[in-house]
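Below is entry.cif, which holds mmCIF, C-alpha atoms.
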data_coords
#
loop_
_atom_site.label_atom_id
_atom_site.label_comp_id
_atom_site.auth_asym_id
_atom_site.auth_seq_id
_atom_site.Cartn_x
_atom_site.Cartn_y
_atom_site.Cartn_z
CA PRO A 738 -13.47 -135.58 -29.83
CA LEU A 739 -13.04 -132.56 -32.13
CA VAL A 740 -15.63 -130.60 -30.13
CA THR A 741 -13.83 -131.53 -26.90
CA ILE A 742 -10.47 -130.33 -28.29
CA ARG A 743 -12.00 -127.04 -29.45
CA LEU A 744 -13.65 -126.53 -26.06
CA LYS A 745 -10.36 -127.14 -24.26
CA MET A 746 -8.56 -124.74 -26.59
CA ARG A 747 -11.23 -122.09 -25.97
CA ILE A 748 -10.91 -122.50 -22.19
CA THR A 749 -7.12 -122.27 -22.46
CA ILE A 750 -7.35 -119.07 -24.53
CA ILE A 751 -9.76 -117.50 -22.02
CA ILE A 752 -7.40 -118.36 -19.15
CA ILE A 753 -4.47 -116.81 -21.03
CA ILE A 754 -6.46 -113.63 -21.74
CA LEU A 755 -7.51 -113.33 -18.10
CA THR A 756 -3.93 -113.85 -16.98
CA ILE A 757 -2.74 -111.09 -19.31
CA GLN A 758 -5.48 -108.74 -18.10
CA VAL A 759 -4.60 -109.31 -14.45
CA GLY A 760 -0.94 -108.79 -15.26
CA CYS A 761 -1.71 -105.52 -17.02
CA LYS A 762 -3.75 -104.29 -14.08
CA ASN A 763 -0.82 -104.90 -11.75
CA ARG A 764 1.65 -103.24 -14.11
CA ASN A 765 2.96 -99.71 -13.46
CA GLU A 766 5.76 -97.55 -14.79
CA THR A 767 8.32 -99.11 -12.47
CA ASN A 768 8.23 -102.55 -14.09
CA ILE A 769 7.78 -101.89 -17.80
CA LYS A 770 11.46 -101.72 -18.70
CA PRO A 771 13.08 -104.54 -20.67
CA GLU A 772 15.99 -106.03 -18.77
CA ASN A 773 18.61 -105.20 -21.38
CA SER A 774 17.34 -101.75 -22.37
CA ALA A 775 19.19 -98.47 -22.08
CA ILE A 776 16.59 -97.38 -19.55
CA THR A 777 18.14 -99.69 -16.96
CA GLU A 778 21.27 -97.51 -17.13
CA PHE A 779 19.47 -94.49 -15.64
CA THR A 780 20.68 -95.33 -12.15
CA LYS A 781 24.30 -94.91 -13.29
CA CYS A 782 23.90 -91.23 -14.19
CA ASN A 783 26.95 -89.36 -12.89
CA TYR A 784 26.50 -85.78 -14.17
CA ASN A 785 29.82 -86.00 -16.01
CA ASN A 786 29.10 -84.45 -19.41
CA GLU A 787 31.63 -81.62 -19.40
CA ALA A 788 30.33 -80.02 -22.61
CA ILE A 789 26.76 -79.80 -21.30
CA THR A 790 27.95 -78.48 -17.92
CA LYS A 791 29.89 -75.82 -19.81
CA TYR A 792 26.74 -74.99 -21.78
CA TYR A 793 24.75 -74.33 -18.61
CA ILE A 794 27.58 -72.29 -17.05
CA LEU A 795 27.86 -70.10 -20.15
CA THR A 796 24.10 -69.53 -20.54
CA ASN A 797 23.92 -68.52 -16.87
CA LYS A 798 26.77 -66.06 -17.43
CA ALA A 799 24.86 -64.71 -20.42
CA GLU A 800 21.73 -64.16 -18.33
CA ILE A 801 23.71 -62.39 -15.59
CA ALA A 802 25.29 -60.19 -18.28
CA ILE A 803 21.77 -59.34 -19.49
CA CYS A 804 20.85 -58.32 -15.94
CA ASP A 805 23.94 -56.07 -15.93
CA GLY A 806 22.86 -54.49 -19.22
CA ASP A 807 25.94 -55.87 -21.02
CA PHE A 808 24.23 -57.38 -24.05
CA ASP A 809 27.44 -57.78 -26.04
CA ARG A 810 28.95 -59.94 -23.29
CA ALA A 811 25.69 -61.92 -23.17
CA SER A 812 25.86 -62.49 -26.93
CA LYS A 813 29.43 -63.78 -26.72
CA ASN A 814 28.55 -66.20 -23.92
CA TYR A 815 25.56 -67.53 -25.87
CA SER A 816 27.74 -68.02 -28.94
CA LEU A 817 30.27 -70.02 -26.90
CA ALA A 818 27.49 -72.03 -25.22
CA PHE A 819 25.86 -73.08 -28.50
CA ARG A 820 29.08 -74.81 -29.57
CA GLU A 821 28.71 -77.24 -26.66
CA ILE A 822 25.28 -78.68 -27.44
CA LYS A 823 23.61 -80.43 -30.37
CA LYS A 824 20.63 -78.06 -30.38
CA PRO A 825 20.29 -75.26 -27.80
CA PHE A 826 17.12 -74.74 -25.79
CA GLY A 827 14.50 -72.38 -27.21
CA PRO A 828 14.70 -69.69 -24.49
CA ASP A 829 18.48 -69.48 -24.91
CA VAL A 830 18.26 -69.00 -28.69
CA TYR A 831 15.53 -66.41 -28.17
CA ASN A 832 17.54 -64.53 -25.53
CA ALA A 833 20.57 -64.66 -27.82
CA ALA A 834 18.51 -63.10 -30.64
CA LEU A 835 17.42 -60.23 -28.37
CA SER A 836 20.95 -59.76 -27.01
CA ASN A 837 22.46 -59.74 -30.49
CA HIS A 838 19.91 -57.18 -31.64
CA LEU A 839 20.55 -54.92 -28.64
CA SER A 840 24.33 -55.15 -29.16
CA ASN A 841 23.96 -54.56 -32.92
CA ASN A 842 25.26 -58.04 -33.84
CA LEU A 843 22.64 -58.30 -36.55
CA ASP A 844 24.08 -61.22 -38.52
CA ASP A 845 24.10 -63.37 -35.38
CA ARG A 846 20.59 -62.15 -34.51
CA ASN A 847 19.40 -63.29 -37.93
CA LEU A 848 20.97 -66.72 -37.46
CA ASN A 849 19.23 -67.04 -34.07
CA LEU A 850 15.86 -66.08 -35.53
CA GLN A 851 16.25 -68.48 -38.45
CA LEU A 852 17.00 -71.32 -36.02
CA LEU A 853 13.87 -70.49 -34.01
CA ILE A 854 11.72 -70.33 -37.15
CA ASN A 855 13.10 -73.59 -38.57
CA ASN A 856 12.28 -75.40 -35.33
CA SER A 857 8.77 -74.02 -34.75
CA ASP A 858 5.39 -74.75 -36.27
CA ASP A 859 3.54 -71.90 -34.52
CA LEU A 860 5.35 -68.58 -35.00
CA SER A 861 2.59 -66.23 -33.81
CA LEU A 862 4.21 -65.32 -30.47
CA LEU A 863 7.70 -64.97 -31.91
CA LYS A 864 6.43 -62.75 -34.71
CA SER A 865 4.39 -60.56 -32.35
CA ILE A 866 7.50 -59.90 -30.23
CA PHE A 867 10.03 -59.19 -32.99
CA VAL A 868 8.15 -57.72 -35.96
CA ASN A 869 7.67 -53.93 -35.80
CA THR A 870 9.63 -53.77 -32.54
CA TYR A 871 13.03 -55.17 -33.46
CA ILE A 872 12.75 -56.06 -37.16
CA ASP A 873 10.46 -55.10 -40.05
CA GLU A 874 7.97 -57.31 -41.88
CA ASN A 875 10.16 -57.63 -44.97
CA LEU A 876 13.06 -59.12 -43.01
CA TRP A 877 10.67 -61.51 -41.22
CA ASN A 878 9.27 -62.64 -44.56
CA SER A 879 12.79 -63.33 -45.82
CA PHE A 880 13.29 -65.71 -42.88
CA ILE A 881 10.01 -67.44 -43.73
CA GLU A 882 11.10 -67.89 -47.35
CA LYS A 883 14.28 -69.67 -46.18
CA ARG A 884 12.41 -71.76 -43.63
CA THR A 885 13.20 -75.48 -43.41
CA THR A 886 11.84 -78.08 -41.00
CA GLU A 887 14.53 -79.06 -38.50
CA TYR A 888 12.46 -81.38 -36.33
CA ASP A 889 10.55 -84.66 -36.63
CA SER A 890 7.03 -83.56 -37.64
CA SER A 891 5.39 -86.95 -37.07
CA LEU A 892 6.94 -87.32 -33.63
CA ARG A 893 5.89 -83.79 -32.71
CA ASN A 894 2.31 -84.60 -33.74
CA GLU A 895 2.40 -87.73 -31.60
CA PHE A 896 3.48 -85.69 -28.60
CA LYS A 897 0.67 -83.23 -29.19
CA SER A 898 -1.62 -86.27 -28.97
CA ILE A 899 0.08 -87.27 -25.72
CA TRP A 900 -0.81 -83.84 -24.31
CA GLU A 901 -4.41 -84.20 -25.51
CA ARG A 902 -4.70 -87.68 -23.96
CA ASP A 903 -3.38 -86.34 -20.65
CA GLN A 904 -6.08 -83.66 -20.58
CA LEU A 905 -8.97 -86.09 -21.16
CA PHE A 906 -11.41 -86.07 -18.21
CA ARG A 907 -9.35 -83.58 -16.19
CA PRO A 908 -10.32 -82.26 -13.69
CA MET A 909 -13.10 -84.83 -13.13
CA TYR A 910 -11.01 -86.78 -10.61
CA GLU A 911 -13.93 -87.96 -8.47
CA THR A 912 -15.59 -89.82 -11.35
CA HIS A 913 -12.76 -90.50 -13.81
CA ASP A 914 -9.56 -90.82 -11.77
CA ASP A 915 -8.92 -94.41 -12.89
CA THR A 916 -9.12 -93.38 -16.54
CA ILE A 917 -6.96 -90.30 -15.94
CA GLN A 918 -4.29 -92.43 -14.30
CA ALA A 919 -4.51 -95.10 -17.01
CA ASN A 920 -3.88 -92.40 -19.62
CA ARG A 921 -0.99 -91.03 -17.59
CA LYS A 922 0.61 -94.49 -17.49
CA ILE A 923 0.15 -94.99 -21.24
CA ASN A 924 1.79 -91.62 -21.87
CA MET A 925 4.63 -92.22 -19.43
CA ASN A 926 5.35 -95.63 -20.90
CA ARG A 927 5.52 -94.12 -24.39
CA ILE A 928 7.98 -91.47 -23.17
CA LEU A 929 10.16 -94.21 -21.68
CA SER A 930 9.95 -96.29 -24.85
CA ILE A 931 11.14 -93.38 -27.00
CA THR A 932 13.83 -92.56 -24.46
CA ASP A 933 15.05 -96.13 -24.77
CA SER A 934 15.38 -95.94 -28.56
CA LEU A 935 16.11 -92.28 -29.40
CA GLY A 936 17.02 -90.60 -26.14
CA PHE A 937 14.78 -88.51 -23.91
CA PRO A 938 12.40 -86.65 -26.30
CA SER A 939 13.58 -83.05 -26.47
CA GLN A 940 14.15 -79.98 -28.61
CA ILE A 941 16.55 -82.10 -30.69
CA GLU A 942 13.71 -84.21 -32.13
CA LEU A 943 10.70 -82.02 -31.39
CA GLY A 944 11.93 -78.49 -31.99
CA TYR A 945 10.39 -75.58 -30.09
CA ARG A 946 6.86 -74.92 -28.87
CA LYS A 947 5.05 -71.63 -29.43
CA SER A 948 6.09 -70.43 -25.95
CA LEU A 949 9.67 -71.70 -26.53
CA ARG A 950 9.47 -73.32 -23.08
CA GLY A 951 9.46 -77.09 -22.55
CA GLN A 952 7.59 -79.72 -24.56
CA ASN A 953 4.04 -81.07 -24.78
CA HIS A 954 4.87 -84.16 -22.72
CA ASP A 955 6.04 -82.06 -19.75
CA VAL A 956 2.46 -82.19 -18.48
CA VAL A 957 2.84 -85.97 -18.07
CA LEU A 958 6.00 -85.47 -16.00
CA VAL A 959 4.25 -82.87 -13.83
CA HIS A 960 1.31 -85.16 -13.11
CA THR A 961 3.59 -88.17 -12.52
CA SER A 962 5.75 -86.26 -10.05
CA GLN A 963 2.68 -84.92 -8.25
CA ARG A 964 1.22 -88.42 -8.09
CA ARG A 965 4.47 -89.81 -6.66
CA SER A 966 4.37 -87.28 -3.82
CA GLY A 967 1.53 -89.32 -2.34
CA ASP A 968 2.36 -92.78 -3.71
CA LYS A 969 6.00 -93.91 -3.76
CA ASN A 970 5.07 -96.89 -5.96
CA ILE A 971 4.82 -94.40 -8.83
CA ILE A 972 7.97 -94.19 -10.95
CA ASP A 973 10.82 -92.04 -9.61
CA LEU A 974 11.68 -89.43 -12.27
CA GLU A 975 15.06 -88.52 -10.78
CA PRO A 976 17.27 -90.97 -12.74
CA ILE A 977 15.39 -90.26 -15.99
CA LEU A 978 15.69 -86.49 -15.62
CA CYS A 979 19.29 -86.79 -14.47
CA LYS A 980 20.26 -88.48 -17.71
CA ALA A 981 18.21 -86.05 -19.79
CA VAL A 982 19.77 -82.99 -18.15
CA ASN A 983 23.22 -84.52 -18.51
CA GLU A 984 22.64 -84.99 -22.25
CA GLY A 985 21.35 -81.47 -22.88
CA ARG A 986 17.81 -82.73 -23.44
CA PHE A 987 16.01 -81.25 -20.44
CA ASP A 988 16.11 -77.90 -18.65
CA PRO A 989 17.68 -78.27 -15.17
CA GLU A 990 15.15 -75.81 -13.73
CA GLN A 991 12.28 -78.00 -14.86
CA ALA A 992 13.99 -81.03 -13.35
CA ILE A 993 14.37 -79.23 -10.01
CA SER A 994 10.68 -78.28 -10.12
CA TYR A 995 9.43 -81.81 -10.82
CA LEU A 996 11.68 -83.37 -8.19
CA HIS A 997 10.37 -80.77 -5.75
CA PHE A 998 6.85 -81.99 -6.57
CA GLN A 999 7.90 -85.62 -5.96
CA ASN A 1000 8.68 -84.68 -2.35
CA ASP A 1001 11.19 -87.51 -1.75
CA LYS A 1002 12.59 -86.38 1.60
CA ASP A 1003 15.63 -88.66 1.34
CA LYS A 1004 16.80 -86.94 -1.87
CA GLY A 1005 17.44 -83.53 -0.31
CA ASN A 1006 16.06 -80.04 -0.82
CA PHE A 1007 15.04 -79.37 -4.43
CA GLU A 1008 14.33 -75.68 -3.88
CA VAL A 1009 12.39 -73.96 -6.67
CA TYR A 1010 12.94 -70.53 -5.08
CA SER A 1011 9.79 -68.84 -6.30
CA THR A 1012 9.56 -65.09 -5.78
CA TRP A 1013 6.54 -62.89 -5.07
CA GLN A 1014 5.24 -59.40 -5.66
CA TYR A 1015 2.19 -57.91 -3.94
CA ARG A 1016 0.40 -54.96 -5.51
CA HIS A 1017 -2.36 -52.50 -4.81
CA HIS A 1018 -3.16 -49.28 -6.67
CA LEU A 1019 -2.82 -47.18 -3.47
CA LEU A 1020 0.57 -48.58 -2.46
CA PRO A 1021 3.77 -46.76 -3.48
CA ASP A 1022 5.88 -48.18 -6.32
CA SER A 1023 8.61 -49.02 -3.83
CA LEU A 1024 6.29 -51.69 -2.37
CA ASN A 1025 4.45 -52.73 -5.55
CA ASN A 1026 7.72 -53.44 -7.36
CA LYS A 1027 9.56 -55.07 -4.47
CA ILE A 1028 10.63 -58.70 -4.95
CA TRP A 1029 10.11 -61.04 -1.99
CA LEU A 1030 12.12 -64.24 -1.55
CA PRO A 1031 11.63 -67.40 0.53
CA SER A 1032 13.18 -66.99 3.96
CA LEU A 1033 15.54 -69.98 4.21
CA ASN A 1034 17.96 -70.58 7.04
CA LYS A 1035 21.66 -70.95 6.23
CA GLU A 1036 21.57 -74.76 6.25
CA LYS A 1037 18.62 -75.01 3.83
CA TYR A 1038 20.08 -72.27 1.62
CA GLU A 1039 23.44 -74.02 1.28
CA SER A 1040 21.82 -77.44 0.86
CA ALA A 1041 19.61 -76.14 -1.96
CA ASN A 1042 22.61 -74.57 -3.69
CA ARG A 1043 24.62 -77.80 -3.47
CA ILE A 1044 21.84 -79.79 -5.13
CA ARG A 1045 21.28 -77.08 -7.74
CA LYS A 1046 24.98 -77.03 -8.60
CA LYS A 1047 24.96 -80.81 -9.04
CA TRP A 1048 22.05 -80.46 -11.47
CA ASN A 1049 23.58 -77.50 -13.36
CA ALA A 1050 20.72 -75.29 -12.20
CA ASP A 1051 21.01 -71.65 -11.11
CA GLN A 1052 22.29 -70.73 -7.68
CA LEU A 1053 19.72 -69.00 -5.47
CA ASP A 1054 21.54 -65.64 -5.51
CA ASP A 1055 21.45 -65.66 -9.33
CA ILE A 1056 17.73 -66.43 -9.32
CA ALA A 1057 17.15 -63.44 -7.04
CA ILE A 1058 19.14 -61.15 -9.37
CA LYS A 1059 17.28 -62.42 -12.44
CA SER A 1060 13.88 -62.11 -10.73
CA ASP A 1061 14.62 -58.50 -9.84
CA PHE A 1062 15.70 -57.74 -13.41
CA ILE A 1063 12.60 -59.32 -14.96
CA SER A 1064 10.36 -57.31 -12.61
CA ARG A 1065 11.99 -54.02 -13.70
CA SER A 1066 12.71 -54.62 -17.39
CA ASN A 1067 10.38 -54.05 -20.32
CA ILE A 1068 12.54 -56.23 -22.59
CA PRO A 1069 10.83 -59.65 -22.82
CA PHE A 1070 13.75 -61.95 -21.93
CA ILE A 1071 12.99 -65.51 -20.74
CA PHE A 1072 14.82 -66.85 -17.67
CA THR A 1073 13.52 -70.34 -16.90
CA SER A 1074 14.73 -70.24 -13.29
CA VAL A 1075 12.51 -67.23 -12.53
CA MET A 1076 9.07 -68.04 -11.16
CA THR A 1077 7.56 -64.79 -9.92
CA PHE A 1078 3.99 -64.75 -8.65
CA VAL A 1079 2.20 -61.41 -8.70
CA GLU A 1080 -0.73 -61.08 -6.32
CA ASN A 1081 -3.08 -58.14 -6.80
CA MET A 1082 -4.91 -57.17 -3.63
CA PRO A 1083 -8.64 -56.35 -3.74
CA GLU A 1084 -9.14 -52.86 -5.19
CA ASP A 1085 -11.63 -51.80 -2.53
CA LEU A 1086 -9.05 -51.90 0.27
CA THR A 1087 -8.14 -48.61 1.90
CA LEU A 1088 -4.47 -47.63 2.04
CA GLU A 1089 -4.29 -48.68 5.69
CA GLU A 1090 -5.90 -52.05 4.93
CA ALA A 1091 -3.59 -52.62 1.96
CA LEU A 1092 -0.53 -51.83 4.08
CA GLU A 1093 -1.72 -54.23 6.78
CA GLN A 1094 -2.35 -57.03 4.28
CA TYR A 1095 1.02 -56.36 2.64
CA LYS A 1096 2.77 -56.64 6.00
CA MET A 1097 0.96 -59.88 6.83
CA THR A 1098 1.58 -61.62 3.50
CA THR A 1099 5.30 -60.77 3.47
CA SER A 1100 5.94 -61.66 7.12
CA ASP A 1101 7.40 -65.09 6.25
CA LYS A 1102 9.60 -63.81 3.39
CA ARG A 1103 12.64 -61.57 2.95
CA PRO A 1104 12.96 -58.64 0.54
CA PHE A 1105 15.43 -58.72 -2.34
CA GLU A 1106 18.37 -56.42 -1.70
CA LYS A 1107 21.20 -56.60 -4.22
CA SER A 1108 23.76 -55.42 -1.70
CA LYS A 1109 22.81 -58.27 0.65
CA ILE A 1110 22.92 -61.19 -1.79
CA ARG A 1111 24.29 -64.15 0.15
#
Could I get this file's structure written as structure tokens?
Amino acid sequence: PLVTIRLKMRITIIIIILTIQVGCKNRNETNIKPENSAITEFTKCNYNNEAITKYYILTNKAEIAICDGDFDRASKNYSLAFREIKKPFGPDVYNAALSNHLSNNLDDRNLNLQLLINNSDDLSLLKSIFVNTYIDENLWNSFIEKRTTEYDSSLRNEFKSIWERDQLFRPMYETHDDTIQANRKINMNRILSITDSLGFPSQIELGYRKSLRGQNHDVVLVHTSQRRSGDKNIIDLEPILCKAVNEGRFDPEQAISYLHFQNDKDKGNFEVYSTWQYRHHLLPDSLNNKIWLPSLNKEKYESANRIRKKWNADQLDDIAIKSDFISRSNIPFIFTSVMTFVENMPEDLTLEEALEQYKMTTSDKRPFEKSKIR
């Protein structure tokens, strides 16, 4: 009888294990959320955080002031913006530091640099930009001496591991796609779990990366949004990103980009508004330095602007102005809405061939002209 009982228990355990395994195989990001969790509130996001909206308005004004060469006005707008958010985004603090330096507001510049240093573990890029160009080594060292850690080190290390897990077996999609997707789901589920308990993981908990742009787990969001473009059973990032943007935890421009990748036609036109430059050593500077914009009809242009305004992202005219400034300026400002692609034509082309290729590649675009901003 004892043997029979043990045998029945063993069979029961095996059945339970198999049931769990089947359940796990059928599980995806859309059904992992506990019924009473904060994650279930994502669908109620209403873009109503006035302080955060004010932050984005002021940082945009600061960037436009930079484009106008009015660095003092930019500095004042950044200072006002930083009062509206728990911890400002890395590019904004960095731009504020440059603006304060160029307008001789050195005390504010020093505060900006200290904030960047306290929230970074890799300072090599920041140091290479500022030291010996804007400040001397002694001043930099004084910042390092006062350095404190203003982020969660253990959580940051975990998110570095999330990035590493995402990169395993890429780009071996033909032989390892199942494993790649399994890793993506594990990573996405962890992001959602942390979002449920702490809020969407952001600069508040994780500080700033070396590049000052985004976070290590952004790669998971990119791959999830790309995957959803072909499989609508994959989790919809819109409500998650909506809440994150509305809480000052995610850059609106990144949100627009990922929702563009998702390609959900019913959600409207999430226009990234990339710009292009085409160069060849025989072409005149007037062509090499020209900015080319997507040629959108009036309806698409206005639709894109409406969605961008709702998400606190830049209007298309502002992106064009900022793209033109970045292409002409030797000051290394960071505007996250600017995505300029520079294509260098083959060097062996003759001038006539280069002109012909230039004409062909720009035929579906319109040139940037400040006087004709819509």
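Of the listed residues A:Met1097, A:Arg1045, A:Phe987, A:Glu1039, the one whose atoms come nearest to Phe1007 of chain A is A:Arg1045, with distances taken using only C-alpha atoms.
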### Task
With the file shown as input, list the residues that the PyMOL selection byres ((chain A and resi 933-942) around 6) selects, as a ChimeraX atom specification.
/A:775-776,824,888-889,930-932,943-945,981,986
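Here atom CA of Asp805 of chain A and atom CA of Glu1106 of chain A stand 15.3 Å from one another.
Excluding segment 960-965 of chain A itself and same-chain residues fewer than 4 positions from it, the residues having an atom within 6 Å of it are Lys969, Ile971, Tyr995, Phe998 and Gln999 of chain A, counting all atoms listed in the file.
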Do you have, as a Markdown table, the list of residues of segment 1035-1100 of chain A lying at most 9 Å from segment 834-847 of chain A, each with its nearest atom pair and that distance in Å to one decimal, counting all atoms listed in the file and ordered by chain then number?
| residue | atom | partner | partner_atom | distance |
| --- | --- | --- | --- | --- |
| A:Ile1068 | CA | A:Leu835 | CA | 8.6 |
| A:Pro1069 | CA | A:Leu835 | CA | 8.6 |
| A:Phe1070 | CA | A:Leu835 | CA | 7.6 |
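The result of the PyMOL selection byres ((chain A and resi 1072-1076) around 8) on the shown file is A:Glu800, A:Pro828, A:Arg950, A:Glu990, A:Val1009, A:Tyr1010, A:Ser1011, A:Thr1012, A:Ala1050, A:Asp1051, A:Ile1056, A:Lys1059, A:Ser1060, A:Phe1070, A:Ile1071, A:Thr1077, A:Phe1078.
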### Message
Ranking A:Lys798, A:His913, A:Arg921, A:Lys1107 by minimum distance to Ala1057 of chain A and counting all atoms listed in the file, which one comes first?
### Response
A:Lys1107
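Using only C-alpha atoms, the smallest distance between any of A:Asp988, A:Glu1008, A:Asp858, A:Glu1036 and Arg893 of chain A comes from A:Asp858.
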Using only C-alpha atoms, what residues lie at most 7 Å away from (6.7, -83.7, -27.9) (file coordinates), given as an mmCIF file with C-alpha atoms, in the coordinates of the input?
data_model
loop_
_atom_site.group_PDB
_atom_site.id
_atom_site.type_symbol
_atom_site.label_atom_id
_atom_site.label_comp_id
_atom_site.auth_asym_id
_atom_site.auth_seq_id
_atom_site.Cartn_x
_atom_site.Cartn_y
_atom_site.Cartn_z
ATOM 1 C CA LEU A 892 6.940 -87.320 -33.630
ATOM 2 C CA ARG A 893 5.890 -83.790 -32.710
ATOM 3 C CA GLU A 895 2.400 -87.730 -31.600
ATOM 4 C CA PHE A 896 3.480 -85.690 -28.600
ATOM 5 C CA LYS A 897 0.670 -83.230 -29.190
ATOM 6 C CA PRO A 938 12.400 -86.650 -26.300
ATOM 7 C CA LEU A 943 10.700 -82.020 -31.390
ATOM 8 C CA GLN A 952 7.590 -79.720 -24.560
ATOM 9 C CA ASN A 953 4.040 -81.070 -24.780
ATOM 10 C CA HIS A 954 4.870 -84.160 -22.720
#
### Summary
Counting all atoms listed in the file, the residue among A:Lys864, A:Arg820, A:Lys980, A:Lys922 that lies closest to Val957 of chain A is A:Lys922
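Nearest residue to Asp1101 of chain A among A:Asn785, A:Ser966, A:Ser1032, A:Asn855 is A:Ser1032, counting all atoms listed in the file.
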